[in-house]
Amino acid sequence: MWDRLLVDCNLATMDPAVEAAFGAIENGAIGIQDGRIVRVGRRTELAGYQAKKVEPLGGAWVTPGLVDCHTHLVFGGNRAGEFERRLEGASYAEIASAGGGIAATVRATREAPLEALVEASRPRLKALMQGGVTTVEIKSGYGLDIDAEAKMLRAAGLLGESEKVRIERTLLALHALPPEYRDRREDYVRLAVDSILPAVAQQGLASSVDAFCEGIGFTPEEVRAFFAAASELGLKVKLHAEQLSNLQGAALAAEFGALSADHLEHVDEAGVRAMAAAGMVAVLLPGAFYALKETKCPPVELLRRHGVPMAVATDCNPGTSPVLSPTLMMSMACTLFGLTPEEALAGMTRVAAKALGLADEIGTIAVGKAADLCIWRIGRPAELCYWIGLPGPERRIFAGEDA
Ligand SMILES: [Zn+2]
């Protein structure tokens with residue numbers, strides 16, 4: 001006898017093995033046992049199975065739990081004051097010279113004790129969860145020294161232990177140059193490669209690493225040294241690449257068998273080819289594109305043509321993407337970047353799971369996967385992208401339990 005049997009519902013399984021748009025199964029049913037999906041199909045195919053709890057869902061649509069594969073949601077303070085000052089006419093340069101920008105977030109994050117950092121970040125995580133997220137990736141990158149980077153990753157771990165959500169942690173040591181290293185960038189890169197990275201790996205605080213490869217970030221050579229050391233330590237890599245310019249970061253990431261390259265507004269065909277050959281995911285971040293009022297879109301048609309799967313994520317961060325709504329990102333991915341609703345939902349489920357190396361565990365409604373599900377009161381799956389600011393699902397199931 002199963003634990004739960006969901007009936008009287010339509011399934012957007014997002015499973016490519018189900019030959020229909022959205023992998024849809026109308027009038028479907030899902031059997032759940034020990035937190036996993038044990039059977040999926042039409043209601044008639046699951047007739048005769050018994051469960052402790054049979055739950056009719058009144059014709060709702062069920063999707064996989066949403067996967068947010070790129071966030072920076074652990075940080076101290078926020079930058080709402082700067083946002084206000086900028087709209088009152090202050091320039092970026094004025095704000096930066098007054099100690100604002102990323103330096104302000106680094107300062108607030110370093111100053112916050114671990115518990116305070118956890119509690120400051122919890123409402124942001126809760127908001128994403130209420131939006132339907134059941135797995136979220138969280139990056140460090142506002143500590144920029146051994147202790148503060150480890151503290152950020154510990155905070156992410158504590159959030160995962162105390163909330164019904166899966167957390168994947170990423171060390172983003174090459175995010176920005178910390179103020180005390182302003183005139184000694186080689187020294188900071190050496191600190192990241194020789195000290196921060198091994199300390200984080202040794203304590204098991206992250207499963208992957210990331211870097212910001214950009215004119216205002218780190219050079220391809222600096223990123224290469226960091227990735228080489230991370231690969232030696234058995235950590236996966238991913239990269240903020242081609243957001244503001246083309247430094248051939250996607251191709252660099254591909255050399256290291258990266259999980260993904262993220263942003264990609266300025267990627268060219270050579271970069272896309274390299275990503276395709278390496279089996280990488282393109283993570284698209286419409287929130288940052290919107291907040292920065294960018295005009296150059298990532299080359300969606302080129303990515304499609306080369307078969308590079310596209311994920312969509314919030315990039316939740318205090319500076320360039322203070323986004324708390326996964327459904328808004330699916331909407332923006334369609335409206336701003338031209339994804340189809342099916343591509344956008346795949347981008348926050350199946351493809352996002354692949355971007356985290358968790359394709360066998362989550363991301364579709366299929367036998368053997370974790371029973372992470374969202375139940376939506378909608379008439380068709382495209383509504384998830386059509387409404388601008390759709391609140392979260394009616395119900396969320398995490399590892400087989402209501403959450
Ligand atoms: Zn980011």
# chains A, B, ... in the order shown; residues from 1 in each chain; ligands from 1
>>> residues_near_ligand(ligand="ligand 1", cutoff="10 Å", atoms="only C-alpha atoms and all ligand atoms", output="PyMOL selection string")
chain A and resi 70-73+138-139+141+172+175+210-212+239-241+243+262-263+283+285+288+313-317+320-321
>>> select_by_dssp(residues="region 95-341 of chain A", states="alpha helix (DSSP H)", output="number ranges by chain")
A: 95-97, 102-111, 114-130, 146-162, 185-191, 197-202, 220-232, 249-255, 269-278, 286-291, 300-305, 326-335, 341
>>> residues_around(residues="region 394-403 of chain A", least_positions_apart="4", cutoff="12 Å", atoms="only C-alpha atoms", output="count of residues only")
52
>>> residues_around(residues="Gly81 (chain A)", least_positions_apart="3", cutoff="12 Å", atoms="only C-alpha atoms", output="PyMOL selection string")
chain A and resi 77-78+84-88+90+95+100-101+104+318-319
>>> write_last_selection(atoms="N, CA and C atoms", output="PDB file, in the first residue's frame")
ATOM      1  N   GLY A  77      22.096  42.756   5.047  1.00  0.00           N
ATOM      2  CA  GLY A  77      21.552  44.048   4.607  1.00  0.00           C
ATOM      3  C   GLY A  77      20.754  43.907   3.326  1.00  0.00           C
ATOM      4  N   ASN A  78      20.454  45.042   2.703  1.00  0.00           N
ATOM      5  CA  ASN A  78      19.957  45.015   1.329  1.00  0.00           C
ATOM      6  C   ASN A  78      20.242  46.387   0.721  1.00  0.00           C
ATOM      7  N   GLU A  84      16.631  53.620  -4.045  1.00  0.00           N
ATOM      8  CA  GLU A  84      15.886  54.874  -3.866  1.00  0.00           C
ATOM      9  C   GLU A  84      16.742  56.074  -4.273  1.00  0.00           C
ATOM     10  N   ARG A  85      18.000  56.092  -3.803  1.00  0.00           N
ATOM     11  CA  ARG A  85      18.871  57.236  -4.118  1.00  0.00           C
ATOM     12  C   ARG A  85      19.123  57.352  -5.612  1.00  0.00           C
ATOM     13  N   ARG A  86      19.283  56.179  -6.265  1.00  0.00           N
ATOM     14  CA  ARG A  86      19.546  56.197  -7.700  1.00  0.00           C
ATOM     15  C   ARG A  86      18.362  56.796  -8.448  1.00  0.00           C
ATOM     16  N   LEU A  87      17.162  56.452  -7.999  1.00  0.00           N
ATOM     17  CA  LEU A  87      15.967  56.980  -8.673  1.00  0.00           C
ATOM     18  C   LEU A  87      15.722  58.443  -8.334  1.00  0.00           C
ATOM     19  N   GLU A  88      16.386  58.898  -7.258  1.00  0.00           N
ATOM     20  CA  GLU A  88      16.331  60.332  -6.944  1.00  0.00           C
ATOM     21  C   GLU A  88      17.424  61.099  -7.687  1.00  0.00           C
ATOM     22  N   ALA A  90      21.011  60.055  -8.004  1.00  0.00           N
ATOM     23  CA  ALA A  90      22.424  59.782  -7.728  1.00  0.00           C
ATOM     24  C   ALA A  90      22.984  58.826  -8.782  1.00  0.00           C
ATOM     25  N   ILE A  95      27.280  56.603  -5.699  1.00  0.00           N
ATOM     26  CA  ILE A  95      26.893  55.576  -4.715  1.00  0.00           C
ATOM     27  C   ILE A  95      28.097  54.720  -4.342  1.00  0.00           C
ATOM     28  N   GLY A 100      28.797  52.311  -1.349  1.00  0.00           N
ATOM     29  CA  GLY A 100      27.635  51.496  -1.711  1.00  0.00           C
ATOM     30  C   GLY A 100      27.987  50.412  -2.703  1.00  0.00           C
ATOM     31  N   GLY A 101      26.981  49.851  -3.341  1.00  0.00           N
ATOM     32  CA  GLY A 101      27.191  48.778  -4.301  1.00  0.00           C
ATOM     33  C   GLY A 101      27.559  47.486  -3.601  1.00  0.00           C
ATOM     34  N   ALA A 104      29.004  47.402  -0.077  1.00  0.00           N
ATOM     35  CA  ALA A 104      28.079  47.533   1.055  1.00  0.00           C
ATOM     36  C   ALA A 104      27.566  46.159   1.478  1.00  0.00           C
ATOM     37  N   PRO A 318      21.048  41.092  -4.048  1.00  0.00           N
ATOM     38  CA  PRO A 318      20.625  42.415  -3.576  1.00  0.00           C
ATOM     39  C   PRO A 318      20.910  43.553  -4.549  1.00  0.00           C
ATOM     40  N   GLY A 319      21.736  43.330  -5.561  1.00  0.00           N
ATOM     41  CA  GLY A 319      22.130  44.425  -6.430  1.00  0.00           C
ATOM     42  C   GLY A 319      21.376  44.439  -7.741  1.00  0.00           C
TER      43      GLY A 319
END
>>> select_by_dssp(residues="region 169-221 of chain A", states="strand (DSSP E)", output="PyMOL selection string")
chain A and resi 169-174+208-211
>>> residues_around(residues="region 184-188 of chain A", least_positions_apart="5", cutoff="12 Å", atoms="only C-alpha atoms", output="ChimeraX atom specification")
/A:144-146,173-179,193-196,217-219,221-223,225-226
>>> write_last_selection(atoms="C-alpha atoms", output="PDB file, in the first residue's frame")
ATOM      1  CA  LEU A 144      35.434  37.112   0.018  1.00  0.00           C
ATOM      2  CA  ASP A 145      37.648  35.769   2.807  1.00  0.00           C
ATOM      3  CA  ILE A 146      37.896  32.260   4.234  1.00  0.00           C
ATOM      4  CA  ALA A 173      34.954  33.126  -4.351  1.00  0.00           C
ATOM      5  CA  LEU A 174      35.787  34.958  -7.592  1.00  0.00           C
ATOM      6  CA  HIS A 175      32.737  37.229  -7.450  1.00  0.00           C
ATOM      7  CA  ALA A 176      34.324  40.616  -6.768  1.00  0.00           C
ATOM      8  CA  LEU A 177      37.625  41.967  -5.556  1.00  0.00           C
ATOM      9  CA  PRO A 178      37.296  42.669  -1.819  1.00  0.00           C
ATOM     10  CA  PRO A 179      38.107  46.287  -0.901  1.00  0.00           C
ATOM     11  CA  VAL A 193      42.674  29.358  -5.138  1.00  0.00           C
ATOM     12  CA  ASP A 194      45.115  28.355  -2.412  1.00  0.00           C
ATOM     13  CA  SER A 195      43.122  29.022   0.760  1.00  0.00           C
ATOM     14  CA  ILE A 196      39.371  29.659   0.417  1.00  0.00           C
ATOM     15  CA  GLY A 217      35.002  40.776 -12.550  1.00  0.00           C
ATOM     16  CA  PHE A 218      37.807  38.292 -13.186  1.00  0.00           C
ATOM     17  CA  THR A 219      39.822  37.479 -16.301  1.00  0.00           C
ATOM     18  CA  GLU A 221      43.151  33.343 -16.899  1.00  0.00           C
ATOM     19  CA  GLU A 222      42.179  33.945 -13.277  1.00  0.00           C
ATOM     20  CA  VAL A 223      39.039  31.849 -13.682  1.00  0.00           C
ATOM     21  CA  ALA A 225      43.392  28.808 -12.305  1.00  0.00           C
ATOM     22  CA  PHE A 226      40.401  28.653  -9.954  1.00  0.00           C
TER      23      PHE A 226
END
>>> residues_around(residues="region 198-209 of chain A", least_positions_apart="6", cutoff="8 Å", atoms="only C-alpha atoms", output="ChimeraX atom specification")
/A:146,150,153-154,157,168-173,227,230,233,235-238
>>> write_last_selection(atoms="C-alpha atoms", output="PDB file, in the first residue's frame")
ATOM      1  CA  ILE A 146      37.896  32.260   4.234  1.00  0.00           C
ATOM      2  CA  ALA A 150      32.427  29.560   4.881  1.00  0.00           C
ATOM      3  CA  LEU A 153      27.762  28.482   2.937  1.00  0.00           C
ATOM      4  CA  ARG A 154      27.020  27.330   6.503  1.00  0.00           C
ATOM      5  CA  GLY A 157      23.176  24.691   4.864  1.00  0.00           C
ATOM      6  CA  GLU A 168      22.721  23.078  -3.376  1.00  0.00           C
ATOM      7  CA  ARG A 169      25.708  25.182  -2.359  1.00  0.00           C
ATOM      8  CA  THR A 170      28.224  26.875  -4.644  1.00  0.00           C
ATOM      9  CA  LEU A 171      31.466  28.621  -3.734  1.00  0.00           C
ATOM     10  CA  LEU A 172      31.613  31.902  -5.687  1.00  0.00           C
ATOM     11  CA  ALA A 173      34.954  33.126  -4.351  1.00  0.00           C
ATOM     12  CA  PHE A 227      38.586  26.025 -12.050  1.00  0.00           C
ATOM     13  CA  ALA A 230      38.417  23.111  -8.068  1.00  0.00           C
ATOM     14  CA  LEU A 233      39.352  18.767  -5.571  1.00  0.00           C
ATOM     15  CA  LEU A 235      34.120  20.087  -7.369  1.00  0.00           C
ATOM     16  CA  LYS A 236      31.903  20.823 -10.373  1.00  0.00           C
ATOM     17  CA  VAL A 237      32.216  24.200 -12.073  1.00  0.00           C
ATOM     18  CA  LYS A 238      29.798  26.747 -13.543  1.00  0.00           C
TER      19      LYS A 238
END
>>> residues_around(residues="Gly59 (chain A)", least_positions_apart="5", cutoff="8 Å", atoms="only C-alpha atoms", output="number ranges by chain")
A: 8-10, 27
>>> atom_distance(atom1="CA of Gly347 (chain A)", atom2="CA of Met310 (chain A)")
5.7 Å
>>> atom_distance(atom1="CA of Pro391 (chain A)", atom2="CA of Val323 (chain A)")
13.5 Å
>>> atom_distance(atom1="CA of Val118 (chain A)", atom2="CA of Leu158 (chain A)")
7.2 Å
>>> closest_atom_pairs(of="region 268-346 of chain A", to="region 15-22 of chain A", cutoff="12 Å", atoms="only C-alpha atoms", output="Markdown table")
| residue | atom | partner | partner_atom | distance |
| --- | --- | --- | --- | --- |
| A:Thr340 | CA | A:Phe22 | CA | 10.9 |
| A:Pro341 | CA | A:Phe22 | CA | 9.0 |
| A:Glu342 | CA | A:Phe22 | CA | 5.8 |
| A:Glu343 | CA | A:Phe22 | CA | 8.8 |
| A:Ala344 | CA | A:Phe22 | CA | 10.4 |
| A:Leu345 | CA | A:Phe22 | CA | 8.2 |
| A:Ala346 | CA | A:Phe22 | CA | 8.0 |
>>> closest_residue(among="A:Gly357, A:Gly287, A:Pro298, A:Gly76", to="Gly257 (chain A)", atoms="only C-alpha atoms")
A:Gly357
